[in-house]
Amino acid sequence: MITEFYISPKEFKGPLNLSLTFNSGQTSQPPWQKENKYFQELIMVEDKPCLVKIRHDDSNPENDVHIIAESLENVPEKSIKERIGEIFGLTDDLSQLYDFLGEDPKLAPTIDFCQGLRLFKAHDPFECIVSSISSSNCSILRWTRSIRDIKQKWGEKFRFSSGDFYTFPSPKILGDVPEHDLEEMQRCEDDLPEDYIFKNNLKACGVGYRAKYIINTSRIVESEMDMGKLAKIKYDKAFNTVLELPGVGPKVADCILLYGFGMGEAFPVDVWIKRIIEHLYFPHEELKPQEAREFGMKKFGDYAGYVQLYLFHYARKSGLLESLRKK
DNA sequence: TTCCAGGTAGTCG
DNA sequence: CGACTACCTGGA
């Protein structure tokens with residue numbers, strides 16, 4: 001069953017640039033698959049699998065956002081629209097954000113570089129947790145490939161007119177997956193051909209030493225972490241909670257809370273954000289990551305997540321990033 | 001071919 | 001507590 005509708009830009013505040021939002025390297029989950037002019041992904045709406053295709057002609061901010069959703073069961077348009085709004089931050093008031101950025105001479109230049117860039121939230125918090133762990137000390141190319149492989153191997157497959165799509169596996173399933181070739185072999189029956197290639201294990205997805213973090217994190221999420229509760233508690237408490245997961249340090253914790261749980265006051269500090277903050281605000285000092293995080297949270301408050309996003313994209317496009325490369 | 005980027009966990013003082 | 005380093009993979 002197909003649901004098709006439009007969202008008028010009058011329904012949200014400030015501009016939207018959908019391609020920019022997808023391609024700004026945000027660490028929540030892999031970007032959606034592009035087909036023709038549509039970005040598409042399988043998401044759960046009211047617990048029902050739904051292939052959502054979204055398109056926006058970014059050249060004109062007056063244009064409507066076009067949505068085509070394909071589902072096996074009936075899913076109300078209103079629910080799909082709400083999910084889209086959450087995921088692409090359509091309820092975020094960018095005009096207000098730009099007023100805030102404009103007040104700080106260090107941040108004002110980011111506005112022109114990032115028109116319509118919005119926080120791209122995860123559609124599945126657990127996928128976001130695993131993505132964030134996989135992304136640590138790792139290139140975007142590599143961890144997105146890993147997540148794609150994990151979905152194909154252990155997710156549930158759904159067939160749509162434009163192809164097969166997979167859900168991200170549940171914590172229960174992922175917590176019980178073999179860590180590496182040896183473990184997969186030990187679990188198998190003995191009558192395998194000599195040249196059998198083991199590939200149904202986590203390390204075969206290219207996650208490296210993070211495989212055991214992912215498995216142990218899955219088990220904790222499955223047995224003792226209430227994701228629904230996590231979404232409702234305050235940022236500070238949530239931060240300390242997710243910090244306890246193996247493979248989750250301060251940077252990954254903040255990515256999980258920002259992208260997976262929509263906590264805009266999180267300020268994820270990677271090596272680049274640290275260098276950018278030093279360059280802009282502490283030109284003759286070297287900060288520790290923790291100090292950069294505290295500075296950002298205090299100075300940017302509820303906008304911290306957006307400031308991080310805007311600073312990084314601005315630095316990348318303006319050439320600042322290149323000039324800050326190692327030292 | 002070797003080298004290196006990139007957060008976290010573990011170890012040492 | 002702070003400082004230092006091993007960890008895995010793939011792209012340069």
# chains A, B, ... in the order shown; residues from 1 in each chain; ligands from 1
call {"tool": "interface_residues", "arguments": {"of": "chain A", "to": "chain B", "cutoff": "12 Å", "atoms": "only C-alpha atoms (C1' of nucleotides)", "output": "ChimeraX atom specification"}}
result
/A:132-140,142,209-210,213,243-253,268-272,289,325-326
call {"tool": "write_last_selection", "arguments": {"atoms": "N, CA and C atoms", "output": "compact mmCIF listing (two decimals), in the first residue's frame"}}
result
# COMPACT_ATOMS: atom_id res chain seq x y z
N SER A 132 27.50 4.22 16.31
CA SER A 132 28.41 5.14 17.00
C SER A 132 29.63 4.41 17.53
N ILE A 133 29.42 3.20 18.07
CA ILE A 133 30.55 2.40 18.53
C ILE A 133 31.45 2.04 17.35
N SER A 134 30.82 1.66 16.24
CA SER A 134 31.60 1.27 15.05
C SER A 134 32.37 2.43 14.47
N SER A 135 31.86 3.64 14.67
CA SER A 135 32.49 4.81 14.04
C SER A 135 33.72 5.30 14.79
N SER A 136 33.90 4.81 16.03
CA SER A 136 35.03 5.34 16.80
C SER A 136 36.35 4.87 16.21
N ASN A 137 37.24 5.82 16.05
CA ASN A 137 38.55 5.51 15.48
C ASN A 137 38.43 4.85 14.12
N CYS A 138 37.53 5.35 13.29
CA CYS A 138 37.19 4.65 12.06
C CYS A 138 36.64 5.64 11.03
N SER A 139 36.88 5.38 9.74
CA SER A 139 36.38 6.29 8.71
C SER A 139 34.89 6.08 8.47
N ILE A 140 34.24 7.12 7.96
CA ILE A 140 32.81 7.04 7.64
C ILE A 140 32.55 5.90 6.67
N ARG A 142 34.12 3.20 6.18
CA ARG A 142 34.25 1.87 6.75
C ARG A 142 33.08 1.52 7.67
N TYR A 209 38.42 -4.71 16.15
CA TYR A 209 38.40 -5.03 17.58
C TYR A 209 37.11 -4.57 18.28
N ARG A 210 36.27 -3.79 17.55
CA ARG A 210 35.02 -3.34 18.17
C ARG A 210 33.97 -4.44 18.24
N TYR A 213 32.99 -5.28 21.68
CA TYR A 213 32.22 -4.18 22.28
C TYR A 213 30.76 -4.28 21.84
N LEU A 243 27.60 5.71 29.04
CA LEU A 243 29.05 5.59 29.21
C LEU A 243 29.45 4.21 29.72
N GLU A 244 28.52 3.55 30.38
CA GLU A 244 28.85 2.23 30.93
C GLU A 244 28.91 1.14 29.88
N LEU A 245 28.39 1.43 28.70
CA LEU A 245 28.44 0.41 27.64
C LEU A 245 29.87 0.27 27.13
N PRO A 246 30.31 -0.98 26.89
CA PRO A 246 31.67 -1.16 26.37
C PRO A 246 31.81 -0.56 24.98
N GLY A 247 32.92 0.13 24.74
CA GLY A 247 33.14 0.78 23.45
C GLY A 247 32.57 2.18 23.40
N VAL A 248 31.94 2.60 24.51
CA VAL A 248 31.35 3.94 24.56
C VAL A 248 32.14 4.83 25.51
N GLY A 249 32.81 5.82 24.94
CA GLY A 249 33.48 6.85 25.72
C GLY A 249 32.67 8.13 25.58
N PRO A 250 33.25 9.29 25.99
CA PRO A 250 32.51 10.55 25.95
C PRO A 250 32.01 10.95 24.56
N LYS A 251 32.84 10.82 23.55
CA LYS A 251 32.45 11.21 22.19
C LYS A 251 31.29 10.37 21.68
N VAL A 252 31.43 9.05 21.81
CA VAL A 252 30.39 8.14 21.34
C VAL A 252 29.10 8.33 22.14
N ALA A 253 29.23 8.52 23.45
CA ALA A 253 28.05 8.75 24.29
C ALA A 253 27.27 9.96 23.80
N PRO A 268 29.32 16.48 21.04
CA PRO A 268 30.32 15.44 20.79
C PRO A 268 31.64 16.05 20.33
N VAL A 269 32.71 15.73 21.03
CA VAL A 269 34.02 16.31 20.70
C VAL A 269 34.93 15.24 20.11
N ASP A 270 35.14 15.30 18.80
CA ASP A 270 36.17 14.47 18.18
C ASP A 270 37.41 15.33 17.99
N VAL A 271 38.42 14.75 17.36
CA VAL A 271 39.69 15.47 17.24
C VAL A 271 39.50 16.77 16.45
N TRP A 272 38.57 16.78 15.47
CA TRP A 272 38.37 17.96 14.64
C TRP A 272 37.67 19.08 15.40
N PRO A 289 40.18 17.01 25.38
CA PRO A 289 38.84 16.80 24.82
C PRO A 289 37.74 17.13 25.84
N ARG A 325 44.85 20.29 10.00
CA ARG A 325 45.30 18.91 9.93
C ARG A 325 46.56 18.70 10.77
N LYS A 326 46.58 17.68 11.54
CA LYS A 326 47.59 17.29 12.55
C LYS A 326 48.54 18.41 13.00
call {"tool": "closest_atom_pairs", "arguments": {"of": "chain C", "to": "chain A", "cutoff": "12 Å", "atoms": "only C-alpha atoms (C1' of nucleotides)", "output": "Markdown table"}}
result
| residue | atom | partner | partner_atom | distance |
| --- | --- | --- | --- | --- |
| C:DG2 | C1' | A:Lys288 | CA | 11.4 |
| C:DA6 | C1' | A:Tyr209 | CA | 10.8 |
| C:DC7 | C1' | A:Tyr209 | CA | 6.4 |
| C:DC8 | C1' | A:Gly208 | CA | 4.4 |
| C:DT9 | C1' | A:Gly208 | CA | 6.7 |
| C:DG10 | C1' | A:Arg142 | CA | 7.7 |
| C:DG11 | C1' | A:Ser139 | CA | 9.6 |
call {"tool": "write_last_selection", "arguments": {"atoms": "C-alpha atoms (C1' of nucleotides)", "output": "PDB file, in the first residue's frame"}}
result
ATOM      1  C1'  DG C   2      46.997  11.815  34.319  1.00  0.00           C
ATOM      2  C1'  DA C   6      47.573  -1.046  21.755  1.00  0.00           C
ATOM      3  C1'  DC C   7      43.774  -2.049  19.192  1.00  0.00           C
ATOM      4  C1'  DC C   8      41.799  -3.308  13.416  1.00  0.00           C
ATOM      5  C1'  DT C   9      41.110  -1.979   8.870  1.00  0.00           C
ATOM      6  C1'  DG C  10      41.453   0.236   4.549  1.00  0.00           C
ATOM      7  C1'  DG C  11      42.859   4.125   1.899  1.00  0.00           C
TER       8       DG C  11
END
call {"tool": "select_by_dssp", "arguments": {"residues": "range 126-203 of chain A", "states": "strand (DSSP E)", "output": "list in words"}}
result
Lys157, Phe158, Arg159, Phe160, Gly163, Asp164, Phe165 and Tyr166 of chain A
call {"tool": "residues_around", "arguments": {"residues": "Asn17 in chain A", "least_positions_apart": "2", "cutoff": "12 Å", "atoms": "only C-alpha atoms (C1' of nucleotides)", "output": "number ranges by chain"}}
result
A: 9, 14-15, 19-24, 55-65, 88-90, 94, 113-120
call {"tool": "residues_around", "arguments": {"residues": "His180 in chain A", "least_positions_apart": "6", "cutoff": "9 Å", "atoms": "only C-alpha atoms (C1' of nucleotides)", "output": "count of residues only"}}
result
8
call {"tool": "select_by_dssp", "arguments": {"residues": "range 30-251 of chain A", "states": "alpha helix (DSSP H)", "output": "PyMOL selection string"}}
result
chain A and resi 77-87+94-102+110-113+125-135+140-154+171-174+181-187+211-224+227-230+235-243+250-251
call {"tool": "atom_distance", "arguments": {"atom1": "CA of Leu258 in chain A", "atom2": "CA of Ala315 in chain A"}}
result
20.3 Å
call {"tool": "residues_around", "arguments": {"residues": "Asp236 in chain A", "least_positions_apart": "6", "cutoff": "12 Å", "atoms": "only C-alpha atoms (C1' of nucleotides)", "output": "PyMOL selection string"}}
result
chain A and resi 230+242-243+250+253-254+257+263+265-266+297
call {"tool": "atom_distance", "arguments": {"atom1": "CA of Ile84 in chain A", "atom2": "CA of Thr217 in chain A"}}
result
27.9 Å
call {"tool": "atom_distance", "arguments": {"atom1": "CA of Tyr166 in chain A", "atom2": "CA of Gly264 in chain A"}}
result
28.6 Å
call {"tool": "residues_around", "arguments": {"residues": "Ile87 in chain A", "least_positions_apart": "5", "cutoff": "10 Å", "atoms": "only C-alpha atoms (C1' of nucleotides)", "output": "CSV table (one decimal) with N, CA and C atoms, in the first residue's frame"}}
result
chain,number,residue,atom,x,y,z
A,81,LYS,N,4.4,11.2,8.8
A,81,LYS,CA,4.8,12.6,8.8
A,81,LYS,C,5.5,13.0,10.1
A,82,GLU,N,5.0,12.5,11.2
A,82,GLU,CA,5.6,12.8,12.5
A,82,GLU,C,7.0,12.2,12.5
A,118,ARG,N,20.2,20.4,8.8
A,118,ARG,CA,19.5,20.0,10.0
A,118,ARG,C,20.1,18.8,10.6
A,119,LEU,N,19.9,18.6,11.9
A,119,LEU,CA,20.4,17.4,12.6
A,119,LEU,C,19.6,16.2,12.0
A,120,PHE,N,20.4,15.2,11.6
A,120,PHE,CA,19.8,14.0,11.0
A,120,PHE,C,19.7,12.9,12.1
A,121,LYS,N,18.6,12.8,12.6
A,121,LYS,CA,18.4,11.8,13.8
A,121,LYS,C,18.3,10.4,13.3
A,122,ALA,N,18.7,9.5,14.2
A,122,ALA,CA,18.6,8.1,13.8
A,122,ALA,C,17.1,7.6,13.9
A,123,HIS,N,16.7,6.7,13.0
A,123,HIS,CA,15.4,6.2,13.1
A,123,HIS,C,15.3,5.0,14.0
A,124,ASP,N,16.4,4.5,14.4
A,124,ASP,CA,16.5,3.4,15.4
A,124,ASP,C,17.6,3.6,16.4
A,259,TYR,N,22.1,12.1,18.4
A,259,TYR,CA,21.4,11.5,17.2
A,259,TYR,C,20.4,10.5,17.5
A,260,GLY,N,20.7,9.7,18.5
A,260,GLY,CA,19.8,8.6,18.8
A,260,GLY,C,18.6,9.0,19.7
A,262,GLY,N,17.9,12.5,20.4
A,262,GLY,CA,17.5,13.9,20.2
A,262,GLY,C,17.8,14.9,21.3
